[in-house]
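entry_9.txt follows; it contains compact mmCIF, C-alpha atoms.
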# COMPACT_ATOMS: atom_id res chain seq x y z
CA MET A 1126 80.78 91.51 102.63
CA THR A 1127 81.60 94.48 104.85
CA ALA A 1128 81.24 97.92 103.24
CA LEU A 1129 84.32 100.03 102.70
CA ALA A 1130 84.99 102.85 105.14
CA LEU A 1131 83.59 106.30 105.29
CA PRO A 1132 86.30 108.41 106.88
CA SER A 1133 85.79 109.98 110.27
CA VAL A 1134 87.74 113.05 111.39
CA ALA A 1135 87.77 115.30 114.45
CA VAL A 1136 89.61 118.40 115.60
CA THR A 1137 89.57 118.88 119.35
CA SER A 1138 91.16 120.83 122.17
CA GLN A 1139 90.71 117.82 124.45
CA ARG A 1140 93.19 115.00 125.08
CA ILE A 1141 92.72 112.18 122.57
CA GLN A 1142 91.41 109.04 124.22
CA ILE A 1143 93.50 106.71 122.08
CA GLY A 1144 92.24 103.44 123.57
CA ALA A 1145 88.61 104.46 123.16
CA GLU A 1146 89.23 105.64 119.59
CA ILE A 1147 90.80 102.29 118.68
CA ALA A 1148 88.06 100.29 120.41
CA ALA A 1149 85.42 102.21 118.43
CA LEU A 1150 86.93 100.89 115.19
CA GLU A 1151 86.60 97.23 116.08
CA GLY A 1152 84.37 95.65 113.50
CA ASP A 1153 82.38 92.59 112.73
CA GLY A 1154 85.34 90.29 112.18
CA ALA A 1155 86.23 91.57 108.70
CA ILE A 1156 89.21 93.60 109.91
CA GLY A 1157 92.48 91.74 109.52
CA GLY A 1158 94.77 94.64 110.39
CA LEU A 1159 94.42 97.89 112.28
CA VAL A 1160 97.32 100.32 112.01
CA THR A 1161 97.50 103.32 114.29
CA PHE A 1162 99.92 106.17 114.60
CA SER A 1163 99.92 108.47 117.59
CA GLY A 1164 102.05 111.60 117.40
CA TYR A 1165 103.18 113.20 120.64
CA CYS A 1166 104.62 116.55 121.67
CA ARG A 1167 108.35 116.22 122.45
CA ASP A 1168 110.05 118.27 125.16
CA GLU A 1169 112.89 119.26 122.80
CA GLY A 1170 115.62 118.53 125.33
CA GLY A 1171 113.75 120.14 128.21
CA THR A 1172 113.31 123.54 126.52
CA LEU A 1173 109.65 123.22 125.47
CA ALA A 1174 106.84 124.05 127.89
CA ALA A 1175 104.07 123.59 125.31
CA LEU A 1176 103.34 123.55 121.62
CA GLU A 1177 100.58 125.87 120.48
CA LEU A 1178 98.52 124.46 117.61
CA GLU A 1179 96.15 126.72 115.72
CA HIS A 1180 93.78 125.82 112.91
CA TYR A 1181 91.15 127.39 110.74
CA PRO A 1182 87.85 125.92 112.07
CA GLY A 1183 85.81 124.29 109.36
CA MET A 1184 88.64 124.32 106.84
CA ALA A 1185 90.77 121.94 108.88
CA GLU A 1186 87.96 119.41 109.22
CA ARG A 1187 87.04 119.64 105.52
CA GLU A 1188 90.65 119.16 104.40
CA MET A 1189 91.20 116.25 106.78
CA ALA A 1190 87.96 114.62 105.56
CA ARG A 1191 88.96 115.18 101.94
CA VAL A 1192 92.33 113.48 102.30
CA ALA A 1193 90.91 110.70 104.49
CA GLY A 1194 88.35 110.13 101.74
CA GLU A 1195 91.19 109.91 99.25
CA ALA A 1196 92.87 107.28 101.43
CA CYS A 1197 89.60 105.32 101.50
CA ARG A 1198 89.41 105.44 97.69
CA ARG A 1199 93.07 104.43 97.20
CA TRP A 1200 93.06 101.52 99.65
CA PRO A 1201 90.31 99.06 100.64
CA LEU A 1202 89.85 100.42 104.16
CA LEU A 1203 87.15 99.14 106.47
CA ALA A 1204 87.69 101.99 108.96
CA CYS A 1205 89.55 105.30 108.88
CA ARG A 1206 89.77 107.74 111.78
CA VAL A 1207 91.87 110.92 112.10
CA VAL A 1208 91.87 113.06 115.25
CA HIS A 1209 94.01 116.21 115.58
CA ARG A 1210 94.44 118.48 118.60
CA PHE A 1211 94.58 122.26 118.76
CA GLY A 1212 95.41 124.63 121.59
CA LEU A 1213 98.31 124.26 124.00
CA VAL A 1214 99.75 120.74 124.02
CA LYS A 1215 102.32 119.88 126.67
CA PRO A 1216 105.28 117.54 126.18
CA GLY A 1217 104.15 113.94 126.50
CA GLU A 1218 100.62 114.70 125.31
CA GLU A 1219 99.24 113.39 122.05
CA ILE A 1220 98.81 115.71 119.07
CA VAL A 1221 97.38 113.39 116.43
CA LEU A 1222 95.90 109.94 115.97
CA VAL A 1223 95.56 108.20 112.62
CA ALA A 1224 93.89 104.80 112.53
CA CYS A 1225 93.29 102.69 109.41
CA ALA A 1226 91.75 99.24 109.29
CA SER A 1227 91.57 96.82 106.38
CA ALA A 1228 91.18 93.14 105.69
CA HIS A 1229 94.94 93.01 105.12
CA ARG A 1230 97.82 94.82 106.81
CA THR A 1231 99.48 96.35 103.73
CA ALA A 1232 96.54 98.60 102.89
CA ALA A 1233 96.21 99.72 106.51
CA PHE A 1234 99.94 100.53 106.81
CA GLU A 1235 100.09 102.40 103.51
CA ALA A 1236 96.94 104.41 104.15
CA ALA A 1237 98.11 105.43 107.63
CA HIS A 1238 101.52 106.45 106.25
CA PHE A 1239 99.86 108.45 103.45
CA LEU A 1240 97.60 110.25 105.92
CA MET A 1241 100.46 111.20 108.23
CA ASP A 1242 102.56 112.44 105.32
CA TYR A 1243 99.64 114.67 104.30
CA LEU A 1244 98.99 115.92 107.83
CA LYS A 1245 102.66 116.87 108.31
CA THR A 1246 102.77 118.95 105.13
CA HIS A 1247 99.33 120.19 104.03
CA ALA A 1248 96.83 120.07 106.87
CA PRO A 1249 95.81 123.61 107.86
CA PHE A 1250 97.44 123.64 111.31
CA TRP A 1251 100.11 126.02 112.53
CA LYS A 1252 102.56 125.32 115.37
CA ARG A 1253 104.38 127.70 117.70
CA GLU A 1254 106.70 126.82 120.56
CA HIS A 1255 106.22 128.10 124.11
CA LEU A 1256 109.54 127.69 125.91
CA VAL A 1257 110.19 126.91 129.59
CA ASP A 1258 111.96 130.26 130.00
CA GLY A 1259 108.59 131.95 129.32
CA SER A 1260 109.39 133.11 125.80
CA VAL A 1261 107.28 132.32 122.77
CA GLY A 1262 109.03 131.19 119.61
CA GLY A 1263 108.07 131.81 116.03
CA TRP A 1264 105.75 129.66 114.00
CA VAL A 1265 107.39 126.33 113.14
CA ALA A 1266 108.28 125.96 109.45
CA ALA A 1267 107.53 122.85 107.44
CA LYS A 1268 110.46 120.52 106.80
CA ALA A 1269 111.70 119.63 103.33
CA SER A 1270 111.97 115.99 104.43
CA ASP A 1271 108.22 115.91 105.18
CA ALA A 1272 107.44 117.29 101.71
CA ALA A 1273 109.72 114.64 100.15
CA SER A 1274 107.84 111.90 102.04
CA LEU A 1275 104.51 113.14 100.67
CA GLU A 1276 105.85 113.31 97.12
CA ARG A 1277 106.13 109.53 96.85
CA TRP A 1278 102.33 109.18 96.99
CA SER A 1279 101.88 111.19 93.76
CA ARG A 1280 104.03 108.86 91.68

Please render this file's structure as structure tokens.
Amino acid sequence: MTALALPSVAVTSQRIQIGAEIAALEGDGAIGGLVTFSGYCRDEGGTLAALELEHYPGMAEREMARVAGEACRRWPLLACRVVHRFGLVKPGEEIVLVACASAHRTAAFEAAHFLMDYLKTHAPFWKREHLVDGSVGGWVAAKASDAASLERWSR
């Protein structure tokens, strides 16, 4: 029997090599489903030049590892990988990758959804818009809808 996953997390200023990240999770034949989510920077109707992402080094990695570990305890995952960018991210570039693998699809889907709901609401990252007109916007506030999505996992 294949051992259950130990989560793997990374915070990077580099582009996420999504194909390579997924290929690295391929296992010994025990994986029946691999669910990935890649989040990208939108251009917000042509007004956004870049999204600035800041984090608290060390804290961000620890928090991501903690919640990825929780996902691994809640679902029988065989692999769990979370990669999050920081720095200036241009429209069309990836911001985050969540990948969860399990013997069955349901666990992989639920764990990936749980991880994204957490990242959207509680991960220690801050976002600020840099607009094409050269101005810099304020820090982006969390959305109530994201908090409501996370709430379902505590029931």

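Straight-line separation from CA of Ala1204 in chain A to CA of Gln1142 in chain A: 17.2 Å.
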
Between CA of Thr1161 in chain A and CA of Ala1175 in chain A, what is the distance, to one decimal in Å?
24.0 Å

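Taking CA of Arg1198 in chain A and CA of Gly1157 in chain A as endpoints, the distance between them is 18.4 Å.
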
Which residues, written as a PDB file with C-alpha atoms, keeping the file's coordinate frame, have at least one atom at most 12 Å from Ala1236 in chain A, with only C-alpha atoms counted and residues fewer than 6 positions away on the same chain left out?
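The result, stored in result.pdb:
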ATOM      1  CA  PRO A1132      86.300 108.410 106.880  1.00  0.00           C
ATOM      2  CA  GLY A1158      94.770  94.640 110.390  1.00  0.00           C
ATOM      3  CA  LEU A1159      94.420  97.890 112.280  1.00  0.00           C
ATOM      4  CA  VAL A1160      97.320 100.320 112.010  1.00  0.00           C
ATOM      5  CA  THR A1161      97.500 103.320 114.290  1.00  0.00           C
ATOM      6  CA  PHE A1162      99.920 106.170 114.600  1.00  0.00           C
ATOM      7  CA  VAL A1192      92.330 113.480 102.300  1.00  0.00           C
ATOM      8  CA  ALA A1193      90.910 110.700 104.490  1.00  0.00           C
ATOM      9  CA  GLY A1194      88.350 110.130 101.740  1.00  0.00           C
ATOM     10  CA  GLU A1195      91.190 109.910  99.250  1.00  0.00           C
ATOM     11  CA  ALA A1196      92.870 107.280 101.430  1.00  0.00           C
ATOM     12  CA  CYS A1197      89.600 105.320 101.500  1.00  0.00           C
ATOM     13  CA  ARG A1198      89.410 105.440  97.690  1.00  0.00           C
ATOM     14  CA  ARG A1199      93.070 104.430  97.200  1.00  0.00           C
ATOM     15  CA  TRP A1200      93.060 101.520  99.650  1.00  0.00           C
ATOM     16  CA  PRO A1201      90.310  99.060 100.640  1.00  0.00           C
ATOM     17  CA  LEU A1202      89.850 100.420 104.160  1.00  0.00           C
ATOM     18  CA  LEU A1203      87.150  99.140 106.470  1.00  0.00           C
ATOM     19  CA  ALA A1204      87.690 101.990 108.960  1.00  0.00           C
ATOM     20  CA  CYS A1205      89.550 105.300 108.880  1.00  0.00           C
ATOM     21  CA  ARG A1206      89.770 107.740 111.780  1.00  0.00           C
ATOM     22  CA  VAL A1207      91.870 110.920 112.100  1.00  0.00           C
ATOM     23  CA  VAL A1223      95.560 108.200 112.620  1.00  0.00           C
ATOM     24  CA  ALA A1224      93.890 104.800 112.530  1.00  0.00           C
ATOM     25  CA  CYS A1225      93.290 102.690 109.410  1.00  0.00           C
ATOM     26  CA  ALA A1226      91.750  99.240 109.290  1.00  0.00           C
ATOM     27  CA  SER A1227      91.570  96.820 106.380  1.00  0.00           C
ATOM     28  CA  HIS A1229      94.940  93.010 105.120  1.00  0.00           C
ATOM     29  CA  ARG A1230      97.820  94.820 106.810  1.00  0.00           C
ATOM     30  CA  ASP A1242     102.560 112.440 105.320  1.00  0.00           C
ATOM     31  CA  TYR A1243      99.640 114.670 104.300  1.00  0.00           C
ATOM     32  CA  TRP A1278     102.330 109.180  96.990  1.00  0.00           C
TER      33      TRP A1278
END

Which residues of range 1133-1196 of chain A have any atom within 10 Å of an atom in range 1264-1273 of chain A when counting all atoms listed in the file, and what is the closest pair of atoms for each, with the distance in Å to one decimal? Order the rows by chain and rising number and write it as a Markdown table.
| residue | atom | partner | partner_atom | distance |
| --- | --- | --- | --- | --- |
| A:Leu1176 | CA | A:Val1265 | CA | 9.8 |
| A:Glu1177 | CA | A:Trp1264 | CA | 9.1 |
| A:Leu1178 | CA | A:Trp1264 | CA | 9.6 |

Would you please work out which residue, of A:Ile1220, A:Ala1148, A:Leu1213, A:Ala1185, is nearest to Ala1248 in chain A when using only C-alpha atoms?
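With only C-alpha atoms as the atom set, the closest residue is A:Ala1185.
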
With distances taken over only C-alpha atoms, the candidate from A:Ser1260, A:Glu1186, A:His1180, A:Ser1163 nearest His1238 in chain A is A:Ser1163

Residue among A:Leu1244, A:Leu1150, A:Val1136, A:Ile1141 lying closest to Tyr1181 in chain A, counting only C-alpha atoms:
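For Tyr1181 in chain A, the nearest of the candidates is A:Val1136.
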
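Of the listed residues (A:Gly1164, A:Gly1217, A:Gly1144, A:Gly1152), A:Gly1164 comes nearest to Met1241 in chain A; the distances count all atoms listed in the file.
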
Tell me, as a PyMOL selection string, which residues lie within 8 Å of Glu1179 in chain A, counting only C-alpha atoms; anything in the same chain fewer than 3 positions away does not count.
chain A and resi 1211-1212+1250-1252

Nearest to Arg1191 in chain A, chosen from A:Ala1155, A:Leu1131, A:Ile1147, A:Ala1232, with all atoms listed in the file counted in the distances
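With all atoms listed in the file as the atom set, the closest residue is A:Leu1131.
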